[in-house]
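Working notes, structure below.
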Amino acid sequence: MYDAIVVGARCAGAATAMLLARRGHRVLLVDRSTFPSDMRMSNHLLWPPGGAALQRWGLLDELIATGCPPMATGTMDLGAFRLTGRFVPADGVATAYAPRRRILDGLLVEAATKAGAVLWDGCTVHALQSDGTRVTGIRGRTRDGRAVAARGTIVVGADGMHSRVARMAQAPAYHERAARQGVYLTYWSGVPVSAEPTLYSRPRRSVVAFPTHDDLTVVSVTWPLEEFRAARSAIEGNYLAEVAAAAPELAEKLRTGTREEPFVGAAVPGFFRRAHGEGWALVGDAGYLKDPCTAQGMTDAFQHAERLTDAIDIGLRDPAAMTGALADYQRRRDASVMAMYEFTCAQTGFEPPSPQMQELIGALRDDPDGTDRFLSVFAGTVPVQEFFAAADPAAA
Ligand SMILES: Cc1cc2nc3c(=O)[nH]c(=O)nc-3n(C[C@H](O)[C@H](O)[C@H](O)COP(=O)(O)OP(=O)(O)OC[C@H]3O[C@@H](n4cnc5c(N)ncnc54)[C@H](O)[C@@H]3O)c2cc1C
């Protein structure tokens with residue numbers, strides 16, 4: 001019998017398992033993947049608050065030691081002009097990183113097992129056990145076809161956007177938004193770029209480039225949904241044409257570089273899911289999903305893993321307090337991300353900026369502090385409402 005069974009062992013699940021195990025709870029961590037492994041459907045820009053979480057957990061130095069390039073500045077190329085700024089720090093961490101998921105998730109899984117969590121990798125969860133009133137455990141199947149089962153006081157669904165735990169627990173969704181754009185990305189060698197995330201923002205297109213492990217550069221292209229679907233049929237040519245149109249100097253480097261991996265693409269909707277019920281809880285993309293254009297997913301997963309751990313810890317020590325603690329987790333999760341969720345959804349429409357917004361962004365050309373703060377809205381260290389209210393109350 002475990003205190004907690006965590007389904008999904010990446011940013012949300014491995015972090016939750018590690019934190020619960022560090023507090024002395026008996027934790028089972030289950031994933032159908034084996035580790036270390038990449039997560040194909042993800043880019044991996046980790047903003048300073050994500051790095052700050054790793055630092056709190058004693059893992060940031062380990063990540064840095066893997067050779068992950070630090071990014072102290074960011075650039076937004078708006079065609080007519082560029083804004084480059086530093087990130088406002090989060091708990092003293094002022095750099096972003098873009099770790100390959102096999103490295104980041106591998107570090108987290110290792111930290112979870114070091115803390116005492118039991119890992120069942122290569123094991124797919126296909127059912128929840130229940131006593132008729134509450135979830136009491138999981139049933140799964142190993143890669144060699146063996147049926148397995150485990151019981152726990154709480155089952156945590158950290159199993160990503162298509163969460164089977166959420167489906168089986170019938171967690172209702174709310175604040176749902178359809179996908180309005182789609183992104184394709186791949187990895188390039190021999191394409192040196194400056195050590196900063198660079199966004200080329202163009203009418204109805206955006207291109208993003210940043211360095212990652214092994215001297216590789218990730219380059220992504222985002223289209224409005226219909227054009228994303230049309231682009232799929234000949235993705236290489238369409239992708240290269242968009243990079244050439246938006247960022248000719250980057251396209252020139254791609255011509256002499258080598259594409260190292262297949263293209264991956266996704267169009268991601270937005271939703272929140274009820275985050276808890278009798279014997280279950282959700283964390284990470286399983287409970288809160290949004291378009292990746294503001295790159296908040298991994299950082300959110302870390303922060304929500306900490307909050308969920310606090311709630312479960314309270315509930316394991318005092319079962320009568322579990323429901324209230326989990327309700328508080330959901331309330332705090334939603335309150336902390338709502339403004340960024342709306343901001344992210346607003347970015348997905350490729351709508352031209354309002355005249356006030358154009359004026360506001362134009363004024364940043366002569367305002368280095370304002371530029372730092374603007375870029376830090378994306379980095380998650382300056383609250384969306386605070387920046388827009390301070391810069392232009394009418395635009396907030
Ligand atoms: C195209 C794209 C680009 C992105 N770019 C960024 C970015 O730059 N920065 C950023 O912060 N975020 C980005 N994101 C979002 C980020 O990938 C997610 O927010 C993050 O991976 C969520 O972590 P998670 O642990 O909740 O879920 P996941 O990373 O999805 O992990 C879920 C795990 O659950 C396991 N699992 C699923 N079902 C089962 C089952 N039935 N049994 C056992 N195991 C199961 C899976 O094998 C997987 O390992 C991007 C997403 C996409 C799609």
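Residues are named by chain letter and number: chains run A, B, ... in the order of the structure tokens, numbers start at 1 in each chain, and ligands are numbered from 1 in the order shown.
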
>> Distance limit 7 Å, reference ligand 1, atoms considered: only C-alpha atoms and all ligand atoms. Which residues make the cut? Give them as JSON, numbers by chain.
In response: {"A": [7, 8, 9, 10, 11, 12, 13, 30, 31, 32, 33, 39, 41, 42, 43, 44, 45, 46, 123, 124, 125, 126, 158, 159, 160, 161, 163, 164, 183, 184, 265, 266, 268, 283, 284, 285, 286, 289, 292, 295, 296, 297, 298, 299, 301]}

>> Could you list, as number ranges by chain, every residue within 8 Å of Ser201 (chain A), counting only C-alpha atoms and ignoring same-chain residues fewer than 4 positions away?
In response: A: 76-79, 205-207, 246

Can you write out the residues you just picked, keeping N, CA, C and O atoms, as a PDB file, in the first residue's frame?
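Result file follows (again-v7.pdb):
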ATOM      1  N   MET A  76      13.093  39.910 -29.027  1.00  0.00           N
ATOM      2  CA  MET A  76      11.876  39.847 -29.816  1.00  0.00           C
ATOM      3  C   MET A  76      12.100  40.721 -31.045  1.00  0.00           C
ATOM      4  O   MET A  76      12.329  41.923 -30.916  1.00  0.00           O
ATOM      5  N   ASP A  77      12.103  40.073 -32.206  1.00  0.00           N
ATOM      6  CA  ASP A  77      12.312  40.782 -33.465  1.00  0.00           C
ATOM      7  C   ASP A  77      10.943  41.057 -34.074  1.00  0.00           C
ATOM      8  O   ASP A  77      10.230  40.120 -34.455  1.00  0.00           O
ATOM      9  N   LEU A  78      10.582  42.332 -34.122  1.00  0.00           N
ATOM     10  CA  LEU A  78       9.240  42.692 -34.577  1.00  0.00           C
ATOM     11  C   LEU A  78       9.230  43.166 -36.023  1.00  0.00           C
ATOM     12  O   LEU A  78       8.271  43.788 -36.478  1.00  0.00           O
ATOM     13  N   GLY A  79      10.289  42.876 -36.753  1.00  0.00           N
ATOM     14  CA  GLY A  79      10.357  43.287 -38.152  1.00  0.00           C
ATOM     15  C   GLY A  79      10.934  44.682 -38.265  1.00  0.00           C
ATOM     16  O   GLY A  79      12.076  44.861 -38.689  1.00  0.00           O
ATOM     17  N   ARG A 205       2.507  34.750 -38.557  1.00  0.00           N
ATOM     18  CA  ARG A 205       3.576  33.752 -38.451  1.00  0.00           C
ATOM     19  C   ARG A 205       4.453  34.109 -37.264  1.00  0.00           C
ATOM     20  O   ARG A 205       4.609  35.292 -36.934  1.00  0.00           O
ATOM     21  N   SER A 206       5.084  33.098 -36.660  1.00  0.00           N
ATOM     22  CA  SER A 206       6.210  33.419 -35.784  1.00  0.00           C
ATOM     23  C   SER A 206       7.247  32.311 -35.901  1.00  0.00           C
ATOM     24  O   SER A 206       6.919  31.154 -36.189  1.00  0.00           O
ATOM     25  N   VAL A 207       8.485  32.705 -35.707  1.00  0.00           N
ATOM     26  CA  VAL A 207       9.619  31.777 -35.749  1.00  0.00           C
ATOM     27  C   VAL A 207      10.384  31.981 -34.442  1.00  0.00           C
ATOM     28  O   VAL A 207      10.564  33.120 -34.000  1.00  0.00           O
ATOM     29  N   ALA A 246      10.769  35.156 -42.583  1.00  0.00           N
ATOM     30  CA  ALA A 246      10.740  35.870 -41.296  1.00  0.00           C
ATOM     31  C   ALA A 246      12.135  36.246 -40.817  1.00  0.00           C
ATOM     32  O   ALA A 246      12.320  37.283 -40.182  1.00  0.00           O
TER      33      ALA A 246
END

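Here CA of Arg26 (chain A) and CA of Gly315 (chain A) stand 13.9 Å from one another.
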
> Can you tell me, as a list in words, what residues are no more than 7 Å from Pro224 (chain A) when counting only C-alpha atoms, ignoring any on the same chain fewer than 4 positions away?
Replying inline: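 So the residues in contact are Arg180, Gln181, Gly182, Arg204 and Phe228 of chain A.
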
The selected residues should be written to file as a PDB file, in the first residue's frame (atoms: N, CA and C atoms).
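Everything below was put into again28.pdb:
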ATOM      1  N   ARG A 180      -5.924  27.435 -31.951  1.00  0.00           N
ATOM      2  CA  ARG A 180      -6.058  28.410 -33.055  1.00  0.00           C
ATOM      3  C   ARG A 180      -4.799  28.499 -33.897  1.00  0.00           C
ATOM      4  N   GLN A 181      -3.762  27.768 -33.484  1.00  0.00           N
ATOM      5  CA  GLN A 181      -2.522  27.791 -34.258  1.00  0.00           C
ATOM      6  C   GLN A 181      -1.790  26.471 -34.042  1.00  0.00           C
ATOM      7  N   GLY A 182      -0.781  26.241 -34.861  1.00  0.00           N
ATOM      8  CA  GLY A 182      -0.012  25.005 -34.717  1.00  0.00           C
ATOM      9  C   GLY A 182       1.457  25.294 -34.988  1.00  0.00           C
ATOM     10  N   ARG A 204       0.767  36.911 -38.896  1.00  0.00           N
ATOM     11  CA  ARG A 204       0.261  35.532 -39.083  1.00  0.00           C
ATOM     12  C   ARG A 204       1.353  34.453 -39.092  1.00  0.00           C
ATOM     13  N   PHE A 228      -1.422  25.887 -40.787  1.00  0.00           N
ATOM     14  CA  PHE A 228      -0.608  24.826 -40.159  1.00  0.00           C
ATOM     15  C   PHE A 228      -0.995  23.484 -40.771  1.00  0.00           C
TER      16      PHE A 228
END

Residues at most 12 Å from Pro262 (chain A), counting only C-alpha atoms, excluding those fewer than 2 positions away in the same chain, as a PDB file with all heavy atoms, in the first residue's frame?
ATOM      1  N   ARG A  40       8.754  13.554 -27.444  1.00  0.00           N
ATOM      2  CA  ARG A  40       8.841  14.137 -28.786  1.00  0.00           C
ATOM      3  C   ARG A  40       7.965  15.385 -28.948  1.00  0.00           C
ATOM      4  O   ARG A  40       8.383  16.366 -29.549  1.00  0.00           O
ATOM      5  CB  ARG A  40       8.455  13.080 -29.829  1.00  0.00           C
ATOM      6  CG  ARG A  40       9.684  12.400 -30.433  1.00  0.00           C
ATOM      7  CD  ARG A  40       9.313  11.251 -31.323  1.00  0.00           C
ATOM      8  NE  ARG A  40       8.383  11.577 -32.385  1.00  0.00           N
ATOM      9  CZ  ARG A  40       8.689  12.231 -33.502  1.00  0.00           C
ATOM     10  NH1 ARG A  40       9.910  12.656 -33.689  1.00  0.00           N
ATOM     11  NH2 ARG A  40       7.779  12.461 -34.424  1.00  0.00           N
ATOM     12  N   MET A  41       6.764  15.317 -28.377  1.00  0.00           N
ATOM     13  CA  MET A  41       5.839  16.428 -28.617  1.00  0.00           C
ATOM     14  C   MET A  41       6.065  17.559 -27.629  1.00  0.00           C
ATOM     15  O   MET A  41       5.141  17.947 -26.919  1.00  0.00           O
ATOM     16  CB  MET A  41       4.400  15.928 -28.504  1.00  0.00           C
ATOM     17  CG  MET A  41       3.977  15.152 -29.698  1.00  0.00           C
ATOM     18  SD  MET A  41       4.267  16.087 -31.183  1.00  0.00           S
ATOM     19  CE  MET A  41       2.621  16.467 -31.618  1.00  0.00           C
ATOM     20  N   TYR A 184       5.488  23.639 -35.761  1.00  0.00           N
ATOM     21  CA  TYR A 184       6.420  22.562 -36.124  1.00  0.00           C
ATOM     22  C   TYR A 184       7.812  22.971 -35.676  1.00  0.00           C
ATOM     23  O   TYR A 184       8.198  24.144 -35.818  1.00  0.00           O
ATOM     24  CB  TYR A 184       6.435  22.317 -37.639  1.00  0.00           C
ATOM     25  CG  TYR A 184       5.443  21.259 -38.055  1.00  0.00           C
ATOM     26  CD1 TYR A 184       4.224  21.603 -38.610  1.00  0.00           C
ATOM     27  CD2 TYR A 184       5.736  19.913 -37.874  1.00  0.00           C
ATOM     28  CE1 TYR A 184       3.308  20.626 -38.972  1.00  0.00           C
ATOM     29  CE2 TYR A 184       4.832  18.935 -38.239  1.00  0.00           C
ATOM     30  CZ  TYR A 184       3.623  19.289 -38.786  1.00  0.00           C
ATOM     31  OH  TYR A 184       2.729  18.320 -39.128  1.00  0.00           O
ATOM     32  N   LEU A 185       8.566  22.006 -35.160  1.00  0.00           N
ATOM     33  CA  LEU A 185       9.932  22.313 -34.723  1.00  0.00           C
ATOM     34  C   LEU A 185      10.862  21.170 -35.070  1.00  0.00           C
ATOM     35  O   LEU A 185      10.435  20.036 -35.266  1.00  0.00           O
ATOM     36  CB  LEU A 185       9.955  22.590 -33.215  1.00  0.00           C
ATOM     37  CG  LEU A 185       9.549  21.451 -32.278  1.00  0.00           C
ATOM     38  CD1 LEU A 185      10.770  20.701 -31.776  1.00  0.00           C
ATOM     39  CD2 LEU A 185       8.769  21.999 -31.102  1.00  0.00           C
ATOM     40  N   THR A 186      12.142  21.507 -35.137  1.00  0.00           N
ATOM     41  CA  THR A 186      13.166  20.470 -35.270  1.00  0.00           C
ATOM     42  C   THR A 186      14.501  21.017 -34.763  1.00  0.00           C
ATOM     43  O   THR A 186      14.588  22.173 -34.328  1.00  0.00           O
ATOM     44  CB  THR A 186      13.272  19.948 -36.721  1.00  0.00           C
ATOM     45  OG1 THR A 186      14.139  18.810 -36.734  1.00  0.00           O
ATOM     46  CG2 THR A 186      13.824  21.001 -37.673  1.00  0.00           C
ATOM     47  N   TYR A 187      15.527  20.171 -34.821  1.00  0.00           N
ATOM     48  CA  TYR A 187      16.844  20.475 -34.234  1.00  0.00           C
ATOM     49  C   TYR A 187      17.894  20.545 -35.317  1.00  0.00           C
ATOM     50  O   TYR A 187      17.913  19.695 -36.217  1.00  0.00           O
ATOM     51  CB  TYR A 187      17.219  19.366 -33.241  1.00  0.00           C
ATOM     52  CG  TYR A 187      16.289  19.317 -32.068  1.00  0.00           C
ATOM     53  CD1 TYR A 187      15.067  18.644 -32.163  1.00  0.00           C
ATOM     54  CD2 TYR A 187      16.595  19.963 -30.886  1.00  0.00           C
ATOM     55  CE1 TYR A 187      14.190  18.622 -31.093  1.00  0.00           C
ATOM     56  CE2 TYR A 187      15.725  19.948 -29.816  1.00  0.00           C
ATOM     57  CZ  TYR A 187      14.527  19.278 -29.921  1.00  0.00           C
ATOM     58  OH  TYR A 187      13.662  19.269 -28.869  1.00  0.00           O
ATOM     59  N   TRP A 188      18.802  21.512 -35.189  1.00  0.00           N
ATOM     60  CA  TRP A 188      19.829  21.741 -36.195  1.00  0.00           C
ATOM     61  C   TRP A 188      21.218  21.746 -35.551  1.00  0.00           C
ATOM     62  O   TRP A 188      21.404  22.342 -34.490  1.00  0.00           O
ATOM     63  CB  TRP A 188      19.607  23.095 -36.869  1.00  0.00           C
ATOM     64  CG  TRP A 188      18.313  23.164 -37.615  1.00  0.00           C
ATOM     65  CD1 TRP A 188      17.088  23.469 -37.092  1.00  0.00           C
ATOM     66  CD2 TRP A 188      18.106  22.914 -39.014  1.00  0.00           C
ATOM     67  NE1 TRP A 188      16.129  23.410 -38.078  1.00  0.00           N
ATOM     68  CE2 TRP A 188      16.722  23.078 -39.267  1.00  0.00           C
ATOM     69  CE3 TRP A 188      18.954  22.572 -40.065  1.00  0.00           C
ATOM     70  CZ2 TRP A 188      16.175  22.906 -40.537  1.00  0.00           C
ATOM     71  CZ3 TRP A 188      18.409  22.405 -41.327  1.00  0.00           C
ATOM     72  CH2 TRP A 188      17.038  22.566 -41.560  1.00  0.00           C
ATOM     73  N   VAL A 218      17.235  24.712 -31.617  1.00  0.00           N
ATOM     74  CA  VAL A 218      15.837  24.377 -31.914  1.00  0.00           C
ATOM     75  C   VAL A 218      15.254  25.545 -32.698  1.00  0.00           C
ATOM     76  O   VAL A 218      15.404  26.696 -32.288  1.00  0.00           O
ATOM     77  CB  VAL A 218      14.983  24.262 -30.639  1.00  0.00           C
ATOM     78  CG1 VAL A 218      13.667  23.555 -30.934  1.00  0.00           C
ATOM     79  CG2 VAL A 218      15.727  23.606 -29.523  1.00  0.00           C
ATOM     80  N   ILE A 235       6.112  19.579 -45.238  1.00  0.00           N
ATOM     81  CA  ILE A 235       6.535  20.386 -44.095  1.00  0.00           C
ATOM     82  C   ILE A 235       7.932  20.966 -44.270  1.00  0.00           C
ATOM     83  O   ILE A 235       8.166  22.134 -43.945  1.00  0.00           O
ATOM     84  CB  ILE A 235       6.374  19.613 -42.760  1.00  0.00           C
ATOM     85  CG1 ILE A 235       6.694  20.532 -41.583  1.00  0.00           C
ATOM     86  CG2 ILE A 235       7.185  18.349 -42.698  1.00  0.00           C
ATOM     87  CD1 ILE A 235       5.868  21.759 -41.509  1.00  0.00           C
ATOM     88  N   GLU A 236       8.871  20.202 -44.796  1.00  0.00           N
ATOM     89  CA  GLU A 236      10.245  20.729 -44.855  1.00  0.00           C
ATOM     90  C   GLU A 236      10.304  22.009 -45.687  1.00  0.00           C
ATOM     91  O   GLU A 236      10.829  23.033 -45.237  1.00  0.00           O
ATOM     92  CB  GLU A 236      11.204  19.682 -45.413  1.00  0.00           C
ATOM     93  CG  GLU A 236      12.621  20.245 -45.526  1.00  0.00           C
ATOM     94  CD  GLU A 236      13.685  19.184 -45.373  1.00  0.00           C
ATOM     95  OE1 GLU A 236      13.428  18.022 -45.733  1.00  0.00           O
ATOM     96  OE2 GLU A 236      14.784  19.537 -44.896  1.00  0.00           O
ATOM     97  N   THR A 258      22.795  21.229 -40.486  1.00  0.00           N
ATOM     98  CA  THR A 258      22.230  19.898 -40.739  1.00  0.00           C
ATOM     99  C   THR A 258      21.022  19.686 -39.833  1.00  0.00           C
ATOM    100  O   THR A 258      21.122  19.904 -38.621  1.00  0.00           O
ATOM    101  CB  THR A 258      23.271  18.800 -40.406  1.00  0.00           C
ATOM    102  OG1 THR A 258      24.452  19.085 -41.145  1.00  0.00           O
ATOM    103  CG2 THR A 258      22.756  17.409 -40.744  1.00  0.00           C
ATOM    104  N   ARG A 259      19.930  19.267 -40.449  1.00  0.00           N
ATOM    105  CA  ARG A 259      18.761  18.933 -39.617  1.00  0.00           C
ATOM    106  C   ARG A 259      19.011  17.565 -38.995  1.00  0.00           C
ATOM    107  O   ARG A 259      19.269  16.607 -39.701  1.00  0.00           O
ATOM    108  CB  ARG A 259      17.480  18.929 -40.460  1.00  0.00           C
ATOM    109  CG  ARG A 259      16.255  18.539 -39.651  1.00  0.00           C
ATOM    110  CD  ARG A 259      14.979  18.965 -40.324  1.00  0.00           C
ATOM    111  NE  ARG A 259      14.715  18.255 -41.558  1.00  0.00           N
ATOM    112  CZ  ARG A 259      14.172  17.036 -41.624  1.00  0.00           C
ATOM    113  NH1 ARG A 259      13.858  16.385 -40.518  1.00  0.00           N
ATOM    114  NH2 ARG A 259      13.956  16.475 -42.793  1.00  0.00           N
ATOM    115  N   GLU A 260      18.941  17.518 -37.664  1.00  0.00           N
ATOM    116  CA  GLU A 260      19.353  16.296 -36.962  1.00  0.00           C
ATOM    117  C   GLU A 260      18.182  15.395 -36.578  1.00  0.00           C
ATOM    118  O   GLU A 260      18.389  14.251 -36.203  1.00  0.00           O
ATOM    119  CB  GLU A 260      20.131  16.653 -35.679  1.00  0.00           C
ATOM    120  CG  GLU A 260      21.442  17.392 -35.944  1.00  0.00           C
ATOM    121  CD  GLU A 260      22.504  16.492 -36.584  1.00  0.00           C
ATOM    122  OE1 GLU A 260      22.318  15.263 -36.615  1.00  0.00           O
ATOM    123  OE2 GLU A 260      23.519  17.045 -37.070  1.00  0.00           O
ATOM    124  N   VAL A 264       8.552  17.730 -35.560  1.00  0.00           N
ATOM    125  CA  VAL A 264       7.382  17.378 -34.748  1.00  0.00           C
ATOM    126  C   VAL A 264       6.463  18.589 -34.734  1.00  0.00           C
ATOM    127  O   VAL A 264       6.918  19.735 -34.719  1.00  0.00           O
ATOM    128  CB  VAL A 264       7.731  16.966 -33.296  1.00  0.00           C
ATOM    129  CG1 VAL A 264       8.437  15.642 -33.266  1.00  0.00           C
ATOM    130  CG2 VAL A 264       8.541  18.028 -32.586  1.00  0.00           C
ATOM    131  N   GLY A 265       5.175  18.316 -34.770  1.00  0.00           N
ATOM    132  CA  GLY A 265       4.222  19.415 -34.829  1.00  0.00           C
ATOM    133  C   GLY A 265       3.024  19.154 -33.958  1.00  0.00           C
ATOM    134  O   GLY A 265       2.672  18.005 -33.694  1.00  0.00           O
TER     135      GLY A 265
END

> DSSP says helix (DSSP H, G or I) for which residues of region 38-285 of chain A? Put them as an NGL selection string?
Replying inline: :A and (48-56 or 60-65 or 101-114 or 164-169 or 213-215 or 225-246 or 248-256 or 284-285)

> Of the candidates A:Leu254, A:Val377, A:Ala209, A:Ala80, which shows the shortest atom-to-atom distance to Met340 (chain A), using only C-alpha atoms?
Replying inline: A:Val377

> Nearest to Leu364 (chain A) among A:Arg23, A:Ala15, A:Arg82, A:Val219, with distances taken over only C-alpha atoms: which residue is it?
Replying inline: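 Smallest distance to Leu364 (chain A) is found for A:Arg82.
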
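Using only C-alpha atoms for every distance, the candidate list A:Ala267, A:Met322, A:Met18, A:Ala251 yields A:Ala267 as the residue closest to Arg232 (chain A).
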
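Straight-line separation from CA of Phe263 (chain A) to CA of Ser189 (chain A): 14.3 Å.
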
> Could you name the residues that touch Pro269 (chain A) at 7 Å or less, counting only C-alpha atoms, but leaving out those on the same chain fewer than 6 positions away, as number ranges by chain?
Replying inline: A: 177-179, 290-291

Prev. selection, all heavy atoms, output as a CSV table (one decimal), in the first residue's frame:
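The new file result.csv reads:
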chain,number,residue,atom,x,y,z
A,177,ARG,N,-10.6,26.3,-24.6
A,177,ARG,CA,-10.4,27.1,-25.8
A,177,ARG,C,-9.9,26.1,-26.9
A,177,ARG,O,-9.0,25.3,-26.6
A,177,ARG,CB,-9.3,28.1,-25.5
A,177,ARG,CG,-9.6,29.1,-24.4
A,177,ARG,CD,-10.7,30.1,-24.8
A,177,ARG,NE,-11.1,30.8,-23.6
A,177,ARG,CZ,-10.5,31.9,-23.2
A,177,ARG,NH1,-9.4,32.3,-23.7
A,177,ARG,NH2,-10.9,32.5,-22.1
A,178,ALA,N,-10.5,26.3,-28.0
A,178,ALA,CA,-10.0,25.4,-29.2
A,178,ALA,C,-8.6,25.9,-29.6
A,178,ALA,O,-8.3,27.1,-29.4
A,178,ALA,CB,-11.0,25.6,-30.3
A,179,ALA,N,-7.8,25.0,-30.2
A,179,ALA,CA,-6.5,25.4,-30.7
A,179,ALA,C,-6.7,26.4,-31.9
A,179,ALA,O,-7.6,26.2,-32.7
A,179,ALA,CB,-5.8,24.2,-31.2
A,290,LYS,N,-2.4,24.7,-22.1
A,290,LYS,CA,-2.4,25.9,-22.9
A,290,LYS,C,-1.5,25.8,-24.1
A,290,LYS,O,-0.5,25.0,-24.1
A,290,LYS,CB,-2.1,27.2,-22.1
A,290,LYS,CG,-0.8,27.2,-21.5
A,290,LYS,CD,-0.7,26.5,-20.2
A,290,LYS,CE,0.6,26.1,-19.7
A,290,LYS,NZ,0.6,25.1,-18.6
A,291,ASP,N,-1.7,26.6,-25.1
A,291,ASP,CA,-0.8,26.7,-26.3
A,291,ASP,C,0.6,26.9,-25.8
A,291,ASP,O,0.8,27.7,-24.9
A,291,ASP,CB,-1.3,27.8,-27.2
A,291,ASP,CG,-0.5,27.8,-28.5
A,291,ASP,OD1,0.6,28.3,-28.5
A,291,ASP,OD2,-1.0,27.2,-29.5

>> Run DSSP on the backbone and tell me which residues of region 30-134 of chain A come out as strand (DSSP E); list them as a list of chain:residue names.
In response: A:Val30, A:Asp31, A:Thr73, A:Gly74, A:Thr75, A:Met76, A:Asp77, A:Arg82, A:Leu83, A:Thr84, A:Gly85, A:Arg86, A:Val118, A:Leu119, A:Trp120, A:Asp121, A:Cys123, A:Thr124, A:Val125, A:His126, A:Ala127, A:Leu128, A:Gln129, A:Ser130

Output file for the residues above (C-alpha atoms, as a short mmCIF file (atom, residue, chain, number, x, y, z; two decimals), in the first residue's frame):
data_model
loop_
_atom_site.label_atom_id
_atom_site.label_comp_id
_atom_site.auth_asym_id
_atom_site.auth_seq_id
_atom_site.Cartn_x
_atom_site.Cartn_y
_atom_site.Cartn_z
CA VAL A 30 4.53 4.82 -12.96
CA ASP A 31 5.19 5.70 -16.60
CA THR A 73 18.73 37.69 -22.37
CA GLY A 74 15.86 37.34 -24.80
CA THR A 75 15.13 39.05 -28.12
CA MET A 76 11.88 39.85 -29.82
CA ASP A 77 12.31 40.78 -33.47
CA ARG A 82 14.18 44.42 -32.21
CA LEU A 83 13.83 44.43 -28.45
CA THR A 84 16.55 42.74 -26.42
CA GLY A 85 16.43 42.59 -22.64
CA ARG A 86 17.41 40.76 -19.51
CA VAL A 118 9.57 3.27 -6.40
CA LEU A 119 9.66 3.52 -10.21
CA TRP A 120 7.62 1.29 -12.50
CA ASP A 121 8.67 2.48 -15.93
CA CYS A 123 4.18 0.27 -17.43
CA THR A 124 0.92 1.64 -18.87
CA VAL A 125 -1.90 2.43 -16.46
CA HIS A 126 -5.20 1.42 -18.02
CA ALA A 127 -7.65 1.46 -15.09
CA LEU A 128 -8.23 2.96 -11.67
CA GLN A 129 -9.25 0.77 -8.75
CA SER A 130 -12.17 2.02 -6.67
#

> Which one of A:Thr212, A:Gly24, A:Ile138, A:Val148 sits closest to Met168 (chain A) if you count only C-alpha atoms?
Replying inline: A:Ile138

> Quick one: of A:Pro248, A:Gly362, A:Pro36, A:Pro192, who's nearest to Arg102 (chain A), counting only C-alpha atoms?
Replying inline: A:Pro36

> Between CA of Ala147 (chain A) and CA of Asp3 (chain A), what is the distance, to one decimal in Å?
Replying inline: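 Interatomic distance, CA of Ala147 (chain A) to CA of Asp3 (chain A): 21.2 Å.
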
> Which is closest to Leu60 (chain A) among A:Ser220, A:Thr95, A:Ser354, A:Ser233, if we use only C-alpha atoms?
Replying inline: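 The closest residue to Leu60 (chain A) is A:Thr95.
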